[in-house]
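Report on the structure given below.
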Amino acid sequence: MKLRPLFLSPLLAAALQLGVGASALAETLRTVTIFSINDFHGNLQASQPVPYQFPRMQDGKAVNGAAGGYAYLVTKLKERRAAVGDSILVGAGDLMGASPMGSALLKDEPVVEALNRMQLNITAVGNHEFDNGTADLMRRIQGTCPEAGCAFQGFKGASYAYLGANVIDKSTGKPWLTPYVVRQVGDLKIGFIGAVTADVPNLVAGDAVKALRFDDEAETINRYVPELKAQGVDAIVVLIHEGAMFKGPENDPSYQCEGLQGPIINIANKIDPAVSLIVSGHSHQGYTCKIGDKLVVQGRSYGAYLTESTLTVDKDSRKVVKADAVNHLIDQQNITPDAEAQTLVAEVARLTGDLRSRPVIKLSKPLLRFSEGDAFDSSLGNLIADSQLHFAQHMADADIAFMNSGGIRNDLPSGAQGSDIQVTFGDLYAVQPFGNGLVRLKMTGQQILDVLQQQWKNRPAGEVKKLFVSQGFSYVWQRNPAADPTLRDVQVNGKALDPEHTYTVIVNSFLAEGGDGFTVFKKAGDRALLGRDLDAMESYIREHSKQIDSIATDRVRYQ
């Protein structure tokens, strides 16, 4: 796809108008290509689960195309590196963590090795890199092994830099990770500042980041811009694990991205004008946008896209005079997987194959993680909530289970079409890869109402963090353009919810600690750890195999 001009600096525009000056200016211009990936989440495999599905027409019918897979991504990267001049590969966080079973069973060590082989140079840290705590993240970065040895033979840690300017060690007040690096790319000296969403404490379960503080993203980034200028860099790039929501195309010809919403907009507007490119992530969206004079890009997730940004720099003035970007779809149908990269994927599959391939159930159709049509519920979200309630009821009384939408990482199974679909344990793991425990809580009816409101409260306009609910619980919510939605007709097993009554509620350990901003759960009392979420889902599916294909999605209704 041809790259599209984003903007011309006043210097270049004036030179082009004068004509003679343009020739002289051209002698000082240099270009650099910055390839980027974000939210890879350890998706080395090309199938089981398919990393990403997209609609395509085949024989006159709409079908799901398959995208992503490490070996396919490597092929595209090699192709584009050969087609451009000087280049560097960078990341915007969550390259590991919340990974499919193959990578996760091996502690994401093969993911680090895969990124090394791709010659990843730098990445910002993401929230999911902290899933197992700071000590485990540092172990994987440095390549140290426990006494029993590393999970993946030959693991030596990351040869690329991890950046986190706003990740602060509370005990010292200093950055816990390197704030920025300078890289020589061809004739150009490029400064890279890395940051992660300041919301990390709400996104990581338990005590994983209790020793760290996460400062304001833009303020921290701006603190380091003068240092980079003093070192004589030719351009400054920000790698940040924060993003926006966008319903438009992955490549917007106008760069205007009408309808773009989310935190990255305010952050970009606050960042120093000396920054020319922002490589973003976290929201799993695809976009190439202009926010002010800054180019802001993201390549969805799971290795489905390779983002290619090109900066044209005036070497004399050290100004970026032009910026372009394109997201390349890693379409498995049109790309031949790289043979050397495929050997790594095959080794991961071999080491984890027995457990991943254990059969669980056959389905007539996939269960989907996202809502369909105008429904609020999703079939898979409701299934998980039902499984958690059922698991708890085997031990004692339980009334309601809630499941956060962000904890569901794939359809069940991903990529499957047609009927008579064999679901394996690896497919279940791809749905819930976090290893969360199930926690029993005591909550009043009023606390339940309050936590339901937190689906919308303090969220950006139009955004909802959904809680899927178990069978027997239902409510109606009414849109309110001027305020958060109002709730009515809240029912528990056919009876109106009593604000004064105490109910037994089941959630995963992430929610129990107030994850995703659901802080009301932290106020609940009489806590008990019951077991593991994945065990609950597998046992429920096996026990209720005949009902799985007909899960109702009408528990939460719009008014």
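Labeling convention for the structure tokens: chains A, B, ... as they appear, residues from 1 per chain, ligands from 1 in order of appearance.
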
Which residues, written as a PyMOL selection string, have at least one atom at most 12 Å from A:Arg223, with only C-alpha atoms counted and residues fewer than 6 positions away on the same chain left out?
chain A and resi 165-166+179-180+193+215-217+229+270-272

A:Ser301 environment, 8 Å, only C-alpha atoms, sequence neighbours closer than 6 positions dropped, as a ChimeraX atom specification: /A:37-41,52,284-285

- From a DSSP pass on the backbone, collect the residues of stretch 440-520 of chain A flagged as strand (DSSP E) and hand them back as a PyMOL selection string. chain A and resi 440-444+467-469+473-478+486-492+495-496+502-508

(request) Write out as a list in words the residues lying within 7 Å of A:Leu311, counting only C-alpha atoms and excluding same-chain residues fewer than 6 positions away. (result) Thr31, Val32, Thr33, Val320, Lys322, Ala323 and Asp324 of chain A

Could those selected residues go to a file with N, CA and C atoms, as a PDB file, in the first residue's frame?
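New file again-v7.pdb:
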```pdb
ATOM      1  N   THR A  31      15.432   9.994   5.541  1.00  0.00           N
ATOM      2  CA  THR A  31      14.232   9.264   5.957  1.00  0.00           C
ATOM      3  C   THR A  31      14.616   8.077   6.831  1.00  0.00           C
ATOM      4  N   VAL A  32      13.733   7.761   7.748  1.00  0.00           N
ATOM      5  CA  VAL A  32      13.914   6.603   8.616  1.00  0.00           C
ATOM      6  C   VAL A  32      12.566   5.912   8.762  1.00  0.00           C
ATOM      7  N   THR A  33      12.576   4.592   8.726  1.00  0.00           N
ATOM      8  CA  THR A  33      11.345   3.812   8.882  1.00  0.00           C
ATOM      9  C   THR A  33      11.324   3.177  10.264  1.00  0.00           C
ATOM     10  N   VAL A 320      11.439  17.182  11.917  1.00  0.00           N
ATOM     11  CA  VAL A 320      10.686  16.231  11.095  1.00  0.00           C
ATOM     12  C   VAL A 320       9.792  17.044  10.174  1.00  0.00           C
ATOM     13  N   LYS A 322       8.055  15.634   7.487  1.00  0.00           N
ATOM     14  CA  LYS A 322       6.999  14.822   6.894  1.00  0.00           C
ATOM     15  C   LYS A 322       6.899  13.513   7.670  1.00  0.00           C
ATOM     16  N   ALA A 323       5.675  13.004   7.816  1.00  0.00           N
ATOM     17  CA  ALA A 323       5.481  11.723   8.497  1.00  0.00           C
ATOM     18  C   ALA A 323       4.371  10.939   7.803  1.00  0.00           C
ATOM     19  N   ASP A 324       4.605   9.672   7.570  1.00  0.00           N
ATOM     20  CA  ASP A 324       3.643   8.782   6.911  1.00  0.00           C
ATOM     21  C   ASP A 324       3.485   7.514   7.744  1.00  0.00           C
TER      22      ASP A 324
END
```

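Between atom CA of A:Glu250 and atom CA of A:Gly292 the interatomic distance comes to 19.1 Å.
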
Exercise for the section: Extract, using only C-alpha atoms, all DNA, RNA and protein residues at most 8 Å from A:Asp316, discarding same-chain residues fewer than 2 positions from it, and format them as a list in words. Expected result: Thr28, Asp314 and Arg318 of chain A

Mind dumping the selected residues with all heavy atoms as an mmCIF file, in the first residue's frame?
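The resulting file, part_4.cif, is shown below:
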```cif
data_model
loop_
_atom_site.group_PDB
_atom_site.id
_atom_site.type_symbol
_atom_site.label_atom_id
_atom_site.label_comp_id
_atom_site.auth_asym_id
_atom_site.auth_seq_id
_atom_site.Cartn_x
_atom_site.Cartn_y
_atom_site.Cartn_z
ATOM 1 N N THR A 28 19.522 17.895 2.377
ATOM 2 C CA THR A 28 19.671 17.704 3.825
ATOM 3 C C THR A 28 18.604 16.767 4.396
ATOM 4 O O THR A 28 18.599 16.522 5.589
ATOM 5 C CB THR A 28 19.582 19.056 4.553
ATOM 6 O OG1 THR A 28 18.246 19.558 4.476
ATOM 7 C CG2 THR A 28 20.535 20.063 3.948
ATOM 8 N N ASP A 314 14.829 16.882 8.304
ATOM 9 C CA ASP A 314 15.833 17.831 7.811
ATOM 10 C C ASP A 314 17.032 17.756 8.754
ATOM 11 O O ASP A 314 16.958 18.149 9.915
ATOM 12 C CB ASP A 314 15.272 19.251 7.782
ATOM 13 C CG ASP A 314 16.325 20.275 7.374
ATOM 14 O OD1 ASP A 314 17.227 19.921 6.604
ATOM 15 O OD2 ASP A 314 16.249 21.415 7.867
ATOM 16 N N ARG A 318 17.258 19.579 12.267
ATOM 17 C CA ARG A 318 16.782 18.530 13.167
ATOM 18 C C ARG A 318 15.270 18.638 13.382
ATOM 19 O O ARG A 318 14.771 18.579 14.494
ATOM 20 C CB ARG A 318 17.522 18.586 14.505
ATOM 21 C CG ARG A 318 18.989 18.178 14.399
ATOM 22 C CD ARG A 318 19.716 18.329 15.700
ATOM 23 N NE ARG A 318 21.099 17.869 15.567
ATOM 24 C CZ ARG A 318 22.096 18.248 16.365
ATOM 25 N NH1 ARG A 318 21.847 19.091 17.353
ATOM 26 N NH2 ARG A 318 23.305 17.801 16.187
#
```

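Distances here use only C-alpha atoms; by that measure, the residue among A:Gln393, A:Leu368, A:Ser474, A:Gly68 closest to A:Asn410 is A:Leu368.
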
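Take the candidates A:Gly494, A:Gly514, A:Pro249, A:Gly65 and check each one against A:Ala304 using only C-alpha atoms; the shortest distance goes to A:Gly65.
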
request  = Excluding A:Arg527 and any residue of its chain fewer than 6 positions from it, enumerate the residues within 8 Å of it, using only C-alpha atoms, and give them as a PyMOL selection string.
outcome  = chain A and resi 439-442

Looking only at the backbone, which of the residues in stretch 53-270 of chain A does DSSP tag as alpha helix (DSSP H), as an MDAnalysis selection string?
chainID A and resid 70:83 101:105 109:117 134:142 200:203 217:230 263:270

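Distance annotation: of A:Thr519, A:Ile506, A:Glu242, A:Gly472, the residue with the minimal separation from A:Gln455 is A:Thr519; atom set is only C-alpha atoms.
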
Restricting to only C-alpha atoms, whichever of A:Leu344, A:Ile265, A:Ala524, A:Ala416 is closest to A:Val50 is A:Ala416

With distances taken over only C-alpha atoms, the candidate from A:Asp533, A:Ser317, A:Gln471, A:Gln119 nearest A:Asp386 is A:Gln471

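Look at A:Val233: the protein and nucleic acid residues within 7 Å of it, using only C-alpha atoms and passing over chain neighbours fewer than 4 places away, are A:Lys189, A:Ile190, A:Gly191, A:Leu228, A:Lys229.
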
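Distance check against A:Arg356 using only C-alpha atoms: of A:Phe425, A:Phe473, A:Phe510, A:Tyr70, the minimum falls on A:Phe425.
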